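Asks: my_file20.cif (mmCIF, C-alpha atoms (C1' of nucleotides)) pasted underneath:
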data_run
loop_
_atom_site.group_PDB
_atom_site.id
_atom_site.type_symbol
_atom_site.label_atom_id
_atom_site.label_comp_id
_atom_site.auth_asym_id
_atom_site.auth_seq_id
_atom_site.Cartn_x
_atom_site.Cartn_y
_atom_site.Cartn_z
ATOM 1 C CA MET A 1 117.665 97.960 102.642
ATOM 2 C CA VAL A 2 115.170 98.841 99.964
ATOM 3 C CA ASN A 3 112.333 98.856 102.462
ATOM 4 C CA TYR A 4 113.992 101.683 104.343
ATOM 5 C CA VAL A 5 114.227 103.648 101.132
ATOM 6 C CA GLN A 6 110.485 103.385 100.681
ATOM 7 C CA GLN A 7 109.855 104.500 104.248
ATOM 8 C CA ARG A 8 112.154 107.468 103.852
ATOM 9 C CA MET A 9 110.587 108.455 100.572
ATOM 10 C CA THR A 10 107.165 108.355 102.226
ATOM 11 C CA ALA A 11 108.459 110.737 104.864
ATOM 12 C CA ILE A 12 110.143 113.130 102.454
ATOM 13 C CA ALA A 13 107.395 113.076 99.826
ATOM 14 C CA GLU A 14 104.969 115.112 101.938
ATOM 15 C CA PRO A 15 105.175 118.711 100.625
ATOM 16 C CA ASN A 16 105.924 120.491 103.884
ATOM 17 C CA ARG A 17 108.412 117.859 104.970
ATOM 18 C CA PHE A 18 110.080 118.168 101.600
ATOM 19 C CA ARG A 19 110.460 121.877 102.284
ATOM 20 C CA ILE A 20 111.999 121.079 105.649
ATOM 21 C CA VAL A 21 114.539 118.759 104.029
ATOM 22 C CA GLU A 22 115.426 121.413 101.475
ATOM 23 C CA LEU A 23 115.798 123.951 104.264
ATOM 24 C CA LEU A 24 118.056 121.661 106.291
ATOM 25 C CA ARG A 25 120.241 121.212 103.257
ATOM 26 C CA GLY A 26 121.596 124.655 104.139
ATOM 27 C CA GLY A 27 122.677 123.413 107.539
ATOM 28 C CA PRO A 28 121.173 122.587 110.960
ATOM 29 C CA ARG A 29 118.211 124.621 112.165
ATOM 30 C CA SER A 30 116.305 124.999 115.395
ATOM 31 C CA VAL A 31 112.577 124.240 115.451
ATOM 32 C CA GLY A 32 111.845 127.925 115.853
ATOM 33 C CA GLU A 33 113.849 128.776 112.761
ATOM 34 C CA ILE A 34 112.015 126.159 110.729
ATOM 35 C CA VAL A 35 108.681 127.460 111.957
ATOM 36 C CA GLY A 36 109.669 130.968 110.928
ATOM 37 C CA ALA A 37 110.947 129.846 107.542
ATOM 38 C CA LEU A 38 107.926 127.739 106.580
ATOM 39 C CA GLY A 39 105.135 129.776 108.141
ATOM 40 C CA LEU A 40 103.547 126.731 109.716
ATOM 41 C CA GLY A 41 102.378 126.168 113.274
ATOM 42 C CA GLN A 42 104.957 125.012 115.802
ATOM 43 C CA PRO A 43 103.103 121.766 116.696
ATOM 44 C CA GLN A 44 102.822 120.861 113.007
ATOM 45 C CA VAL A 45 106.538 121.375 112.473
ATOM 46 C CA SER A 46 107.334 119.324 115.557
ATOM 47 C CA ARG A 47 105.205 116.492 114.243
ATOM 48 C CA HIS A 48 106.786 116.617 110.783
ATOM 49 C CA LEU A 49 110.228 116.564 112.356
ATOM 50 C CA ARG A 50 109.191 113.599 114.469
ATOM 51 C CA LEU A 51 108.145 111.628 111.388
ATOM 52 C CA LEU A 52 111.333 112.577 109.581
ATOM 53 C CA ALA A 53 113.351 111.490 112.587
ATOM 54 C CA GLU A 54 111.516 108.159 112.837
ATOM 55 C CA ALA A 55 112.342 107.556 109.183
ATOM 56 C CA GLY A 56 115.976 108.322 109.917
ATOM 57 C CA VAL A 57 116.031 111.363 107.654
ATOM 58 C CA VAL A 58 116.919 113.867 110.366
ATOM 59 C CA GLU A 59 118.611 113.863 113.751
ATOM 60 C CA ALA A 60 118.240 116.170 116.728
ATOM 61 C CA THR A 61 120.645 117.640 119.214
ATOM 62 C CA LYS A 62 119.519 119.310 122.418
ATOM 63 C CA LYS A 63 120.843 122.710 123.370
ATOM 64 C CA ALA A 64 119.125 124.126 126.443
ATOM 65 C CA GLN A 65 115.433 124.339 125.523
ATOM 66 C CA GLN A 66 116.199 124.322 121.844
ATOM 67 C CA ARG A 67 116.474 121.260 119.639
ATOM 68 C CA ILE A 68 118.737 121.574 116.647
ATOM 69 C CA TYR A 69 117.730 119.386 113.720
ATOM 70 C CA ARG A 70 120.038 118.316 110.939
ATOM 71 C CA LEU A 71 119.910 115.902 108.027
ATOM 72 C CA HIS A 72 121.161 112.367 108.525
ATOM 73 C CA PRO A 73 123.767 112.032 105.784
ATOM 74 C CA GLU A 74 123.575 108.248 105.618
ATOM 75 C CA ALA A 75 119.855 108.318 104.935
ATOM 76 C CA MET A 76 120.237 110.692 102.026
ATOM 77 C CA ARG A 77 123.075 108.602 100.754
ATOM 78 C CA GLU A 78 120.991 105.434 100.740
ATOM 79 C CA LEU A 79 118.297 107.272 98.823
ATOM 80 C CA SER A 80 120.845 108.470 96.305
ATOM 81 C CA ASP A 81 122.278 104.997 95.931
ATOM 82 C CA TRP A 82 118.862 103.497 95.368
ATOM 83 C CA ALA A 83 117.982 105.960 92.631
ATOM 84 C CA ALA A 84 121.427 105.585 91.104
ATOM 85 C CA GLY A 85 120.776 101.864 90.863
ATOM 86 C CA PHE A 86 118.590 102.621 87.879
ATOM 87 C CA ALA A 87 121.627 103.917 86.022
ATOM 88 C CA GLU A 88 121.755 100.753 83.976
ATOM 89 C CA LEU A 89 118.466 101.868 82.473
ATOM 90 C CA TRP A 90 119.626 104.996 80.687
ATOM 91 C CA SER A 91 122.249 103.041 78.819
ATOM 92 C CA ALA A 92 120.072 100.391 77.229
ATOM 93 C CA ARG A 93 117.476 98.274 78.922
ATOM 94 C CA MET A 94 114.874 98.489 76.230
ATOM 95 C CA ASP A 95 115.691 95.079 74.845
ATOM 96 C CA ARG A 96 112.643 93.550 76.463
ATOM 97 C CA LEU A 97 110.512 96.338 75.048
ATOM 98 C CA ASP A 98 111.724 95.436 71.611
ATOM 99 C CA ALA A 99 110.727 91.877 72.310
ATOM 100 C CA PHE A 100 107.283 93.124 73.220
ATOM 101 C CA LEU A 101 106.920 95.207 70.112
ATOM 102 C CA ASP A 102 107.710 92.345 67.790
ATOM 103 C CA ASP A 103 104.663 90.561 66.525
ATOM 104 C CA ASP A 104 104.959 87.879 69.162
ATOM 105 C CA THR A 105 102.044 87.709 71.543
ATOM 106 C CA SER A 106 103.966 87.343 74.768
ATOM 107 C CA GLN A 107 102.219 86.482 78.001
ATOM 108 C CA GLN A 108 104.901 85.547 80.471
ATOM 109 C CA GLY A 109 104.314 85.762 84.174
ATOM 110 C CA VAL A 110 106.802 86.975 86.726
ATOM 111 C CA MET B 1 113.144 121.365 88.708
ATOM 112 C CA VAL B 2 113.027 120.503 92.375
ATOM 113 C CA ASN B 3 109.259 120.670 92.352
ATOM 114 C CA TYR B 4 109.133 117.801 89.887
ATOM 115 C CA VAL B 5 111.313 115.783 92.243
ATOM 116 C CA GLN B 6 108.785 116.247 94.995
ATOM 117 C CA GLN B 7 105.932 115.184 92.723
ATOM 118 C CA ARG B 8 107.819 112.088 91.615
ATOM 119 C CA MET B 9 108.688 111.165 95.164
ATOM 120 C CA THR B 10 105.030 111.483 96.113
ATOM 121 C CA ALA B 11 104.181 109.081 93.296
ATOM 122 C CA ILE B 12 106.902 106.537 94.054
ATOM 123 C CA ALA B 13 106.566 106.665 97.835
ATOM 124 C CA GLU B 14 103.233 104.851 97.870
ATOM 125 C CA PRO B 15 103.992 101.187 98.750
ATOM 126 C CA ASN B 16 102.302 99.500 95.818
ATOM 127 C CA ARG B 17 103.633 102.028 93.327
ATOM 128 C CA PHE B 18 107.081 101.486 94.794
ATOM 129 C CA ARG B 19 106.643 97.778 94.061
ATOM 130 C CA ILE B 20 105.656 98.622 90.499
ATOM 131 C CA VAL B 21 108.793 100.710 90.038
ATOM 132 C CA GLU B 22 110.945 97.920 91.403
ATOM 133 C CA LEU B 23 109.207 95.466 89.094
ATOM 134 C CA LEU B 24 109.723 97.676 86.052
ATOM 135 C CA ARG B 25 113.395 97.868 86.887
ATOM 136 C CA GLY B 26 113.564 94.382 85.404
ATOM 137 C CA GLY B 27 112.216 95.662 82.106
ATOM 138 C CA PRO B 28 108.915 96.720 80.522
ATOM 139 C CA ARG B 29 105.744 94.950 81.574
ATOM 140 C CA SER B 30 102.165 94.852 80.384
ATOM 141 C CA VAL B 31 99.387 95.840 82.776
ATOM 142 C CA GLY B 32 98.271 92.226 82.994
ATOM 143 C CA GLU B 33 101.727 91.114 84.030
ATOM 144 C CA ILE B 34 101.909 93.771 86.722
ATOM 145 C CA VAL B 35 98.501 92.745 88.022
ATOM 146 C CA GLY B 36 99.641 89.143 88.187
ATOM 147 C CA ALA B 37 102.913 90.029 89.873
ATOM 148 C CA LEU B 38 101.465 92.277 92.564
ATOM 149 C CA GLY B 39 98.182 90.498 93.244
ATOM 150 C CA LEU B 40 96.183 93.706 93.063
ATOM 151 C CA GLY B 41 93.016 94.473 91.151
ATOM 152 C CA GLN B 42 93.370 95.616 87.555
ATOM 153 C CA PRO B 43 91.644 98.975 88.088
ATOM 154 C CA GLN B 44 93.953 99.725 91.012
ATOM 155 C CA VAL B 45 97.026 98.947 88.961
ATOM 156 C CA SER B 46 95.752 101.097 86.100
ATOM 157 C CA ARG B 47 95.246 103.986 88.473
ATOM 158 C CA HIS B 48 98.685 103.587 90.029
ATOM 159 C CA LEU B 49 100.228 103.510 86.577
ATOM 160 C CA ARG B 50 98.293 106.619 85.636
ATOM 161 C CA LEU B 51 99.686 108.521 88.606
ATOM 162 C CA LEU B 52 103.196 107.286 87.887
ATOM 163 C CA ALA B 53 102.817 108.366 84.267
ATOM 164 C CA GLU B 54 101.516 111.803 85.255
ATOM 165 C CA ALA B 55 104.565 112.205 87.453
ATOM 166 C CA GLY B 56 106.756 111.232 84.517
ATOM 167 C CA VAL B 57 108.059 108.128 86.240
ATOM 168 C CA VAL B 58 106.756 105.664 83.644
ATOM 169 C CA GLU B 59 105.813 105.706 79.979
ATOM 170 C CA ALA B 60 103.425 103.535 78.013
ATOM 171 C CA THR B 61 103.509 102.003 74.571
ATOM 172 C CA LYS B 62 100.436 100.563 72.902
ATOM 173 C CA LYS B 63 100.523 97.114 71.378
ATOM 174 C CA ALA B 64 97.099 95.971 70.206
ATOM 175 C CA GLN B 65 94.903 95.997 73.308
ATOM 176 C CA GLN B 66 97.900 95.796 75.592
ATOM 177 C CA ARG B 67 99.793 98.716 77.030
ATOM 178 C CA ILE B 68 103.411 98.141 77.820
ATOM 179 C CA TYR B 69 104.762 100.261 80.654
ATOM 180 C CA ARG B 70 108.387 101.055 81.231
ATOM 181 C CA LEU B 71 110.395 103.349 83.470
ATOM 182 C CA HIS B 72 111.260 106.808 82.225
ATOM 183 C CA PRO B 73 115.052 106.911 82.626
ATOM 184 C CA GLU B 74 115.259 110.679 82.790
ATOM 185 C CA ALA B 75 112.887 110.830 85.743
ATOM 186 C CA MET B 76 114.893 108.346 87.750
ATOM 187 C CA ARG B 77 118.021 110.235 86.834
ATOM 188 C CA GLU B 78 116.642 113.519 88.134
ATOM 189 C CA LEU B 79 115.718 111.807 91.371
ATOM 190 C CA SER B 80 119.200 110.374 91.667
ATOM 191 C CA ASP B 81 120.764 113.745 90.955
ATOM 192 C CA TRP B 82 118.603 115.441 93.551
ATOM 193 C CA ALA B 83 119.541 112.972 96.261
ATOM 194 C CA ALA B 84 123.165 113.072 95.200
ATOM 195 C CA GLY B 85 123.062 116.832 95.669
ATOM 196 C CA PHE B 86 123.261 116.151 99.382
ATOM 197 C CA ALA B 87 126.658 114.596 98.894
ATOM 198 C CA GLU B 88 128.297 117.758 100.116
ATOM 199 C CA LEU B 89 126.782 116.936 103.478
ATOM 200 C CA TRP B 90 128.656 113.766 104.302
ATOM 201 C CA SER B 91 131.960 115.459 103.818
ATOM 202 C CA ALA B 92 131.570 118.345 106.242
ATOM 203 C CA ARG B 93 128.552 120.573 106.608
ATOM 204 C CA MET B 94 128.392 120.441 110.347
ATOM 205 C CA ASP B 95 130.111 123.790 110.738
ATOM 206 C CA ARG B 96 126.841 125.532 111.491
ATOM 207 C CA LEU B 97 126.057 122.828 114.024
ATOM 208 C CA ASP B 98 129.328 123.626 115.732
ATOM 209 C CA ALA B 99 128.306 127.249 115.806
ATOM 210 C CA PHE B 100 125.139 126.171 117.545
ATOM 211 C CA LEU B 101 126.998 124.130 120.081
ATOM 212 C CA ASP B 102 129.613 126.782 120.732
ATOM 213 C CA ASP B 103 130.364 126.476 124.434
ATOM 214 C CA ASP B 104 127.818 124.127 125.928
ATOM 215 C CA THR B 105 128.033 120.351 125.969
ATOM 216 C CA SER B 106 124.995 118.709 124.460
ATOM 217 C CA GLN B 107 123.313 115.316 124.559
ATOM 218 C CA GLN B 108 121.809 113.362 121.720
ATOM 219 C CA GLY B 109 118.050 113.534 121.495
ATOM 220 C CA VAL B 110 115.133 111.698 119.877
ATOM 221 C "C1'" DT C 1 79.101 93.023 63.176
ATOM 222 C "C1'" DG C 2 79.214 90.515 67.304
ATOM 223 C "C1'" DT C 3 82.202 88.606 70.909
ATOM 224 C "C1'" DG C 4 86.089 88.135 73.944
ATOM 225 C "C1'" DT C 5 90.269 90.377 75.659
ATOM 226 C "C1'" DA C 6 92.967 94.102 77.652
ATOM 227 C "C1'" DT C 7 92.855 98.310 79.837
ATOM 228 C "C1'" DA C 8 90.828 102.754 81.388
ATOM 229 C "C1'" DT C 9 87.363 105.463 83.935
ATOM 230 C "C1'" DA C 10 83.597 106.416 87.446
ATOM 231 C "C1'" DT C 11 81.695 106.058 92.102
ATOM 232 C "C1'" DG C 12 81.013 105.150 96.992
ATOM 233 C "C1'" DC C 13 83.323 103.662 101.131
ATOM 234 C "C1'" DC C 14 86.680 103.877 104.646
ATOM 235 C "C1'" DG C 15 91.247 104.204 106.725
ATOM 236 C "C1'" DT C 16 95.152 107.237 107.000
ATOM 237 C "C1'" DT C 17 97.177 111.602 107.765
ATOM 238 C "C1'" DG C 18 97.753 116.610 108.061
ATOM 239 C "C1'" DT C 19 95.896 120.556 110.690
ATOM 240 C "C1'" DG C 20 94.209 123.516 114.584
ATOM 241 C "C1'" DT C 21 93.811 124.037 119.354
ATOM 242 C "C1'" DA C 22 94.910 123.086 123.953
ATOM 243 C "C1'" DT C 23 98.020 121.341 127.201
ATOM 244 C "C1'" DG C 24 102.309 119.081 129.001
ATOM 245 C "C1'" DT C 25 107.399 119.141 129.767
ATOM 246 C "C1'" DT C 26 112.027 120.721 130.098
ATOM 247 C "C1'" DC C 27 115.236 124.284 131.058
ATOM 248 C "C1'" DG C 28 117.218 128.816 132.029
ATOM 249 C "C1'" DT C 29 116.837 132.868 134.891
ATOM 250 C "C1'" DG C 30 115.578 136.376 138.310
ATOM 251 C "C1'" DC D 1 110.649 128.647 143.112
ATOM 252 C "C1'" DA D 2 108.042 130.978 140.091
ATOM 253 C "C1'" DC D 3 107.864 132.467 135.508
ATOM 254 C "C1'" DG D 4 108.730 132.500 130.643
ATOM 255 C "C1'" DA D 5 110.830 130.375 126.543
ATOM 256 C "C1'" DA D 6 111.229 126.452 123.398
ATOM 257 C "C1'" DC D 7 109.496 122.371 122.056
ATOM 258 C "C1'" DA D 8 106.637 118.012 122.396
ATOM 259 C "C1'" DT D 9 102.277 115.610 122.934
ATOM 260 C "C1'" DA D 10 97.021 114.837 122.902
ATOM 261 C "C1'" DC D 11 92.768 115.093 120.725
ATOM 262 C "C1'" DA D 12 89.003 116.251 117.560
ATOM 263 C "C1'" DC D 13 88.133 117.155 112.848
ATOM 264 C "C1'" DA D 14 88.333 117.383 107.925
ATOM 265 C "C1'" DA D 15 90.572 116.242 103.625
ATOM 266 C "C1'" DC D 16 93.169 113.309 100.798
ATOM 267 C "C1'" DG D 17 93.875 108.822 98.847
ATOM 268 C "C1'" DG D 18 93.587 103.882 98.115
ATOM 269 C "C1'" DC D 19 90.338 100.079 97.392
ATOM 270 C "C1'" DA D 20 86.247 97.436 95.666
ATOM 271 C "C1'" DT D 21 82.760 97.337 92.403
ATOM 272 C "C1'" DA D 22 80.618 98.428 88.189
ATOM 273 C "C1'" DT D 23 80.930 100.192 83.682
ATOM 274 C "C1'" DA D 24 83.090 102.168 79.451
ATOM 275 C "C1'" DT D 25 86.442 102.041 75.614
ATOM 276 C "C1'" DA D 26 89.681 100.065 72.158
ATOM 277 C "C1'" DC D 27 91.085 96.289 69.483
ATOM 278 C "C1'" DA D 28 91.559 91.585 67.302
ATOM 279 C "C1'" DC D 29 89.147 87.979 65.243
ATOM 280 C "C1'" DA D 30 85.520 84.991 63.481
#
Take the structure in this file and express it as structure tokens.
Replies:
Amino acid sequence: MVNYVQQRMTAIAEPNRFRIVELLRGGPRSVGEIVGALGLGQPQVSRHLRLLAEAGVVEATKKAQQRIYRLHPEAMRELSDWAAGFAELWSARMDRLDAFLDDDTSQQGV
Amino acid sequence: MVNYVQQRMTAIAEPNRFRIVELLRGGPRSVGEIVGALGLGQPQVSRHLRLLAEAGVVEATKKAQQRIYRLHPEAMRELSDWAAGFAELWSARMDRLDAFLDDDTSQQGV
DNA sequence: TGTGTATATATGCCGTTGTGTATGTTCGTG
DNA sequence: CACGAACATACACAACGGCATATATACACA
């Protein structure tokens, strides 16, 4: 649903979490690897990963003491689909703008 | 660039700005129409639109005292392309995960 | 030129959220 | 079973950001 898209965007939009997503694009990573790659504190990374997981953006797999995080393909797909839904725009959707820019004083509600 | 994607996601992720984007999907709107549709204060809507414009998500056209806002197709396209760039994932990118899980059986976590 | 309309900007307040530090928990190993 | 490694959780604090209010600016019209 669209509401999930908004939640996932909120999660990904945060700068450090965005970096985590970009990092995980290269494949699954352990928390320690992410900490080393981003130069953040381990508790901060754990919290970011928790928020990403709650938004369905990442998943975790346990291996001994380690936890391997990876992107959740379906979540990224939904995001892609949502953004692609605007495709109709870059053909021609400016008709209503033309209506606005005529000399008619339009004041329609929604 | 990827950095612009992050900035645009930060702009769109905010709930009320997300509603504005969804509203503008239906075509250009004046500020007054957006205010009426969302039930927010006019200054708040103006500020949201300013942030969206700074992120390149929307554009404005002046008509007398009104300002007609519309989505910037290119921005939405870049966002779509970025998300679609993860498409390689839902084919098979779990090879590195397999490397992680080499001999031990693992359980799902979080 | 004065007035009403449409929108933008400025400011103070307050909730949300990221960060730093300390501690808890799970698991492998000697 | 005690210890260390890897990660999660708790808590206090500070910064960022949205909101409400007031005010400023641009424009049409009489």
Asks: Quick check, in Å to one decimal: how far apart do CA of Leu79 in chain A and CA of Val5 in chain A lie?
Replies: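 Straight-line distance from CA of Leu79 in chain A to CA of Val5 in chain A works out to 5.9 Å.
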Asks: For DA8 in chain C, find every residue with an atom within 12 Å (counting all atoms listed in the file), except residues of its own chain fewer than 5 positions away, and show them as a PDB file with C-alpha atoms (C1' of nucleotides), keeping the file's coordinate frame.
Replies:
ATOM      1  CA  VAL B  31      99.387  95.840  82.776  1.00  0.00           C
ATOM      2  CA  GLN B  42      93.370  95.616  87.555  1.00  0.00           C
ATOM      3  CA  PRO B  43      91.644  98.975  88.088  1.00  0.00           C
ATOM      4  CA  GLN B  44      93.953  99.725  91.012  1.00  0.00           C
ATOM      5  CA  VAL B  45      97.026  98.947  88.961  1.00  0.00           C
ATOM      6  CA  SER B  46      95.752 101.097  86.100  1.00  0.00           C
ATOM      7  CA  ARG B  47      95.246 103.986  88.473  1.00  0.00           C
ATOM      8  CA  HIS B  48      98.685 103.587  90.029  1.00  0.00           C
ATOM      9  CA  LEU B  49     100.228 103.510  86.577  1.00  0.00           C
ATOM     10  CA  ARG B  50      98.293 106.619  85.636  1.00  0.00           C
ATOM     11  CA  GLN B  65      94.903  95.997  73.308  1.00  0.00           C
ATOM     12  CA  GLN B  66      97.900  95.796  75.592  1.00  0.00           C
ATOM     13  CA  ARG B  67      99.793  98.716  77.030  1.00  0.00           C
TER      14      ARG B  67
ATOM     15  C1'  DT D  23      80.930 100.192  83.682  1.00  0.00           C
ATOM     16  C1'  DA D  24      83.090 102.168  79.451  1.00  0.00           C
ATOM     17  C1'  DT D  25      86.442 102.041  75.614  1.00  0.00           C
ATOM     18  C1'  DA D  26      89.681 100.065  72.158  1.00  0.00           C
TER      19       DA D  26
END
Asks: Using only C-alpha atoms (C1' of nucleotides), list the residues that have an atom at most 10 Å from (98.7, 110.9, 101.4), coordinates as in the file, as a list of chain:residue names.
Replies: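 Residues with an atom close enough to that point: A:Thr10, A:Ala13, A:Glu14, B:Thr10, B:Ala11, B:Ala13, B:Glu14, C:DT16, C:DT17, C:DG18, D:DA15, D:DC16, D:DG17, D:DG18.
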Asks: Could you write out that same residue set with C-alpha atoms (C1' of nucleotides) as a JSON list (two decimals), keeping the file's coordinate frame?
Replies:
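Everything below was put into out09.json:
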[["chain", "number", "residue", "atom", "x", "y", "z"],
["A", 10, "THR", "CA", 107.16, 108.36, 102.23],
["A", 13, "ALA", "CA", 107.40, 113.08, 99.83],
["A", 14, "GLU", "CA", 104.97, 115.11, 101.94],
["B", 10, "THR", "CA", 105.03, 111.48, 96.11],
["B", 11, "ALA", "CA", 104.18, 109.08, 93.30],
["B", 13, "ALA", "CA", 106.57, 106.66, 97.84],
["B", 14, "GLU", "CA", 103.23, 104.85, 97.87],
["C", 16, "DT", "C1'", 95.15, 107.24, 107.00],
["C", 17, "DT", "C1'", 97.18, 111.60, 107.76],
["C", 18, "DG", "C1'", 97.75, 116.61, 108.06],
["D", 15, "DA", "C1'", 90.57, 116.24, 103.62],
["D", 16, "DC", "C1'", 93.17, 113.31, 100.80],
["D", 17, "DG", "C1'", 93.88, 108.82, 98.85],
["D", 18, "DG", "C1'", 93.59, 103.88, 98.12]]
Asks: Between CA of Arg8 in chain A and CA of Tyr4 in chain B, what is the distance, to one decimal in Å?
Replies: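 Rounded to one decimal, the two atoms are 17.6 Å apart.
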Asks: Would you write out, as an MDAnalysis selection string, every residue that the PyMOL selection byres ((chain A and resi 29) around 9) captures in this file?
Replies: (chainID A and resid 23:24 26:28 30:34 67:70) or (chainID B and resid 96:97 100)
Asks: Quick check on the file I pasted: which residues fall under the PyMOL selection byres ((chain B and resi 59) around 7)? Write them as a ChimeraX atom specification.
Replies: /B:53,58,60-61,69-72
Asks: Report the centre and edge lengths, in Å to one decimal, of an axis-aligned box enclosing every atom of range 39-42 of chain B listed in the file, padded by 8 Å on each side, as lines of an AutoDock Vina configuration file.
Replies:
center_x = 95.6
center_y = 93.1
center_z = 90.4
size_x = 21.2
size_y = 21.1
size_z = 21.7
Asks: Which of these, B:Gly36, B:Leu51, B:Gly85, B:Gln6, has the shortest distance to chain D once you count all atoms listed in the file?
Replies: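 Ranked by minimum distance to chain D, first place goes to B:Leu51.
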Asks: Which value, in Å to one decimal, gives the distance between CA of Leu52 in chain A and CA of Arg77 in chain A?
Replies: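 Straight-line distance from CA of Leu52 in chain A to CA of Arg77 in chain A works out to 15.2 Å.
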Asks: Show me the residues around (118.4, 115.5, 93.9) - criterion: an atom at most 12 Å away, only C-alpha atoms (C1' of nucleotides) counted - as a count of residues only.
Replies: 33
Asks: Could you list the residues in chain D lying within 10 Å of chain A, using all atoms listed in the file, and format the result as a PDB file with C-alpha atoms (C1' of nucleotides), keeping the file's coordinate frame?
Replies:
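File written: iface-v7.pdb
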ATOM      1  C1'  DA D   5     110.830 130.375 126.543  1.00  0.00           C
ATOM      2  C1'  DA D   6     111.229 126.452 123.398  1.00  0.00           C
ATOM      3  C1'  DC D   7     109.496 122.371 122.056  1.00  0.00           C
ATOM      4  C1'  DA D   8     106.637 118.012 122.396  1.00  0.00           C
ATOM      5  C1'  DT D   9     102.277 115.610 122.934  1.00  0.00           C
TER       6       DT D   9
END
Asks: Where does the PyMOL selection byres ((chain C and resi 1-5) around 10) land in this file, that is, which residues does it pick, as a list in words?
Replies: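 That selection, the PyMOL selection byres ((chain C and resi 1-5) around 10), comes back as Gln65 and Gln66 of chain B; DA6 and DT7 of chain C; DC27, DA28, DC29 and DA30 of chain D.
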Asks: Would you mind listing, for every residue of chain C within 9 Å of chain A, the two atoms forming the shortest contact and the distance between them in Å to one decimal, using only C-alpha atoms (C1' of nucleotides), sorted by chain and ascending residue number, as JSON lines?
Replies:
{"residue": "C:DG18", "atom": "C1'", "partner": "A:Gln44", "partner_atom": "CA", "distance": 8.3}
{"residue": "C:DT19", "atom": "C1'", "partner": "A:Gln44", "partner_atom": "CA", "distance": 7.3}
{"residue": "C:DG20", "atom": "C1'", "partner": "A:Gly41", "partner_atom": "CA", "distance": 8.7}
{"residue": "C:DT26", "atom": "C1'", "partner": "A:Gln65", "partner_atom": "CA", "distance": 6.8}
{"residue": "C:DC27", "atom": "C1'", "partner": "A:Gln65", "partner_atom": "CA", "distance": 5.5}
{"residue": "C:DG28", "atom": "C1'", "partner": "A:Ala64", "partner_atom": "CA", "distance": 7.5}
Asks: Would you fill the gaps in range 54-67 of chain B so it has N, CA and C atoms, then print it as a PDB file, in the frame of the given file?
Replies:
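Result file follows (part_35.pdb):
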ATOM      1  N   GLU B  54     101.712 110.359  85.120  1.00  0.00           N
ATOM      2  CA  GLU B  54     101.516 111.803  85.255  1.00  0.00           C
ATOM      3  C   GLU B  54     102.715 112.460  85.933  1.00  0.00           C
ATOM      4  N   ALA B  55     103.379 111.686  86.780  1.00  0.00           N
ATOM      5  CA  ALA B  55     104.565 112.205  87.453  1.00  0.00           C
ATOM      6  C   ALA B  55     105.810 112.038  86.579  1.00  0.00           C
ATOM      7  N   GLY B  56     105.632 111.407  85.422  1.00  0.00           N
ATOM      8  CA  GLY B  56     106.756 111.232  84.517  1.00  0.00           C
ATOM      9  C   GLY B  56     107.664 110.085  84.883  1.00  0.00           C
ATOM     10  N   VAL B  57     107.214 109.230  85.789  1.00  0.00           N
ATOM     11  CA  VAL B  57     108.059 108.128  86.240  1.00  0.00           C
ATOM     12  C   VAL B  57     108.030 106.969  85.244  1.00  0.00           C
ATOM     13  N   VAL B  58     106.881 106.760  84.610  1.00  0.00           N
ATOM     14  CA  VAL B  58     106.756 105.664  83.644  1.00  0.00           C
ATOM     15  C   VAL B  58     106.197 106.198  82.330  1.00  0.00           C
ATOM     16  N   GLU B  59     106.380 105.402  81.293  1.00  0.00           N
ATOM     17  CA  GLU B  59     105.813 105.706  79.979  1.00  0.00           C
ATOM     18  C   GLU B  59     105.082 104.464  79.488  1.00  0.00           C
ATOM     19  N   ALA B  60     104.189 104.665  78.536  1.00  0.00           N
ATOM     20  CA  ALA B  60     103.425 103.535  78.013  1.00  0.00           C
ATOM     21  C   ALA B  60     103.545 103.464  76.501  1.00  0.00           C
ATOM     22  N   THR B  61     103.522 102.240  76.007  1.00  0.00           N
ATOM     23  CA  THR B  61     103.509 102.003  74.571  1.00  0.00           C
ATOM     24  C   THR B  61     102.355 101.059  74.251  1.00  0.00           C
ATOM     25  N   LYS B  62     101.577 101.401  73.242  1.00  0.00           N
ATOM     26  CA  LYS B  62     100.436 100.563  72.902  1.00  0.00           C
ATOM     27  C   LYS B  62     100.851  99.432  71.979  1.00  0.00           C
ATOM     28  N   LYS B  63     100.333  98.258  72.267  1.00  0.00           N
ATOM     29  CA  LYS B  63     100.523  97.114  71.378  1.00  0.00           C
ATOM     30  C   LYS B  63      99.197  96.370  71.353  1.00  0.00           C
ATOM     31  N   ALA B  64      98.453  96.551  70.287  1.00  0.00           N
ATOM     32  CA  ALA B  64      97.099  95.971  70.206  1.00  0.00           C
ATOM     33  C   ALA B  64      96.289  96.460  71.397  1.00  0.00           C
ATOM     34  N   GLN B  65      95.662  95.543  72.141  1.00  0.00           N
ATOM     35  CA  GLN B  65      94.903  95.997  73.308  1.00  0.00           C
ATOM     36  C   GLN B  65      95.807  96.220  74.508  1.00  0.00           C
ATOM     37  N   GLN B  66      97.010  95.680  74.450  1.00  0.00           N
ATOM     38  CA  GLN B  66      97.900  95.796  75.592  1.00  0.00           C
ATOM     39  C   GLN B  66      98.552  97.177  75.657  1.00  0.00           C
ATOM     40  N   ARG B  67      98.968  97.516  76.860  1.00  0.00           N
ATOM     41  CA  ARG B  67      99.793  98.716  77.030  1.00  0.00           C
ATOM     42  C   ARG B  67     101.030  98.331  77.827  1.00  0.00           C
TER      43      ARG B  67
END
